[in-house]
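S.K.: Have a look at the structure that comes next, please.
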Amino acid sequence: ASGMPLYILIQLIPAWLRTAEVSLVEIGLFSLVGLPYTWKFIWAPGLDRFHMPFGLRRGWMLLSQLLLIGCIGSLGHCSPVENLSLIAALAVAIAFLSATQDIAIDAYRRELLPDHELGLGNAIHVQAYRIAGLVPGSLSLILADQLPWSLVFWITAAFMGVGVGLSLSITEPSRPATSTP
């Protein structure tokens, strides 16, 4: 769930735009939608301030995953020729929501794992992140050869259901109580 949205942005959307004969210049500008990943440290502290239903970490993971499903699925209902600005806005929303999900998952992993397990935990996360790229990078492209793009994007979005299921099944990590002055 963590890695898949990034690969949608860098692999699936450019391929979709190219099949719709969008210019390479416009497709190249889509690389700018990845900026929220670079700037996520700006809103990361806000995630600690606003508690969500299901808990501080789980709540943010679940909210971002549900919104990602909607944004990813909605992409296929846009025409790249007629609605390129709407597609760009959805891509920025996907990047922002995905970066938010990454913040919550990283914080969850840090709170859950003791120091001596962090190295292994991070290694597993990075590998899972890369494996998640196979869905939009290969499966979705194979499906696009046989199915309409509207269906391909909803099928791809459905893979976020794995993250939703995990967010619902895990427990919130315990945190020491903080006192306010």
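How things are named: the first chain in the structure tokens is A, the next is B, and so on; residues count from 1 in each chain; ligands count from 1 in the order shown.
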Mind checking which residues fall within 9 Å of Phe30 of chain A, counting only C-alpha atoms, ignoring those fewer than 6 positions away in the same chain, and posting them as a list in words?

M.R.: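 Here the answer would be Leu9, Ile10, Ile13, Pro14, Ala88 and Ala91 of chain A.
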
S.K.: I want to know what sits within 8 Å of segment 111-122 of chain A, based on only C-alpha atoms, with residues of the same chain fewer than 3 positions away left out; could you give that as a ChimeraX atom specification?

M.R.: /A:107-108,125-126,173-175

S.K.: Identify which of the residues A:Met160, A:Leu6, A:Leu139, A:Leu29 lies closest to Leu84 of chain A, counting only C-alpha atoms when measuring atom-to-atom distances.

M.R.: A:Leu29

S.K.: Identify, with DSSP run on backbone atoms, the residues in segment 20-53 of chain A assigned to alpha helix (DSSP H), and express the list as a list in words.

M.R.: Leu24, Val25, Glu26, Ile27, Gly28, Leu29, Leu35, Pro36, Tyr37, Thr38, Ala44, Pro45, Gly46, Leu47, Asp48 and Arg49 of chain A

S.K.: Residues of segment 74-153 of chain A within 12 Å of segment 65-69 of chain A: nearest atom pair and distance (Å, one decimal) for each, counting only C-alpha atoms, sorted by chain and number, as a tab-separated table?

M.R.:
```
residue	atom	partner	partner_atom	distance
A:Ser74	CA	A:Ile69	CA	8.4
A:Leu75	CA	A:Ile69	CA	10.3
A:Leu90	CA	A:Leu68	CA	9.7
A:Ala91	CA	A:Leu68	CA	10.2
A:Val92	CA	A:Leu68	CA	11.1
A:Ala93	CA	A:Leu68	CA	8.2
A:Ile94	CA	A:Leu68	CA	6.0
A:Ala95	CA	A:Leu68	CA	9.1
A:Phe96	CA	A:Leu68	CA	9.5
A:Leu97	CA	A:Leu68	CA	6.5
A:Ser98	CA	A:Leu68	CA	7.3
A:Ala99	CA	A:Leu68	CA	10.8
A:Thr100	CA	A:Gln65	CA	9.5
A:Gln101	CA	A:Gln65	CA	7.1
A:Asp102	CA	A:Gln65	CA	10.4
A:Ala104	CA	A:Gln65	CA	11.0
A:Ile105	CA	A:Gln65	CA	11.2
A:Phe153	CA	A:Ile69	CA	9.3
```
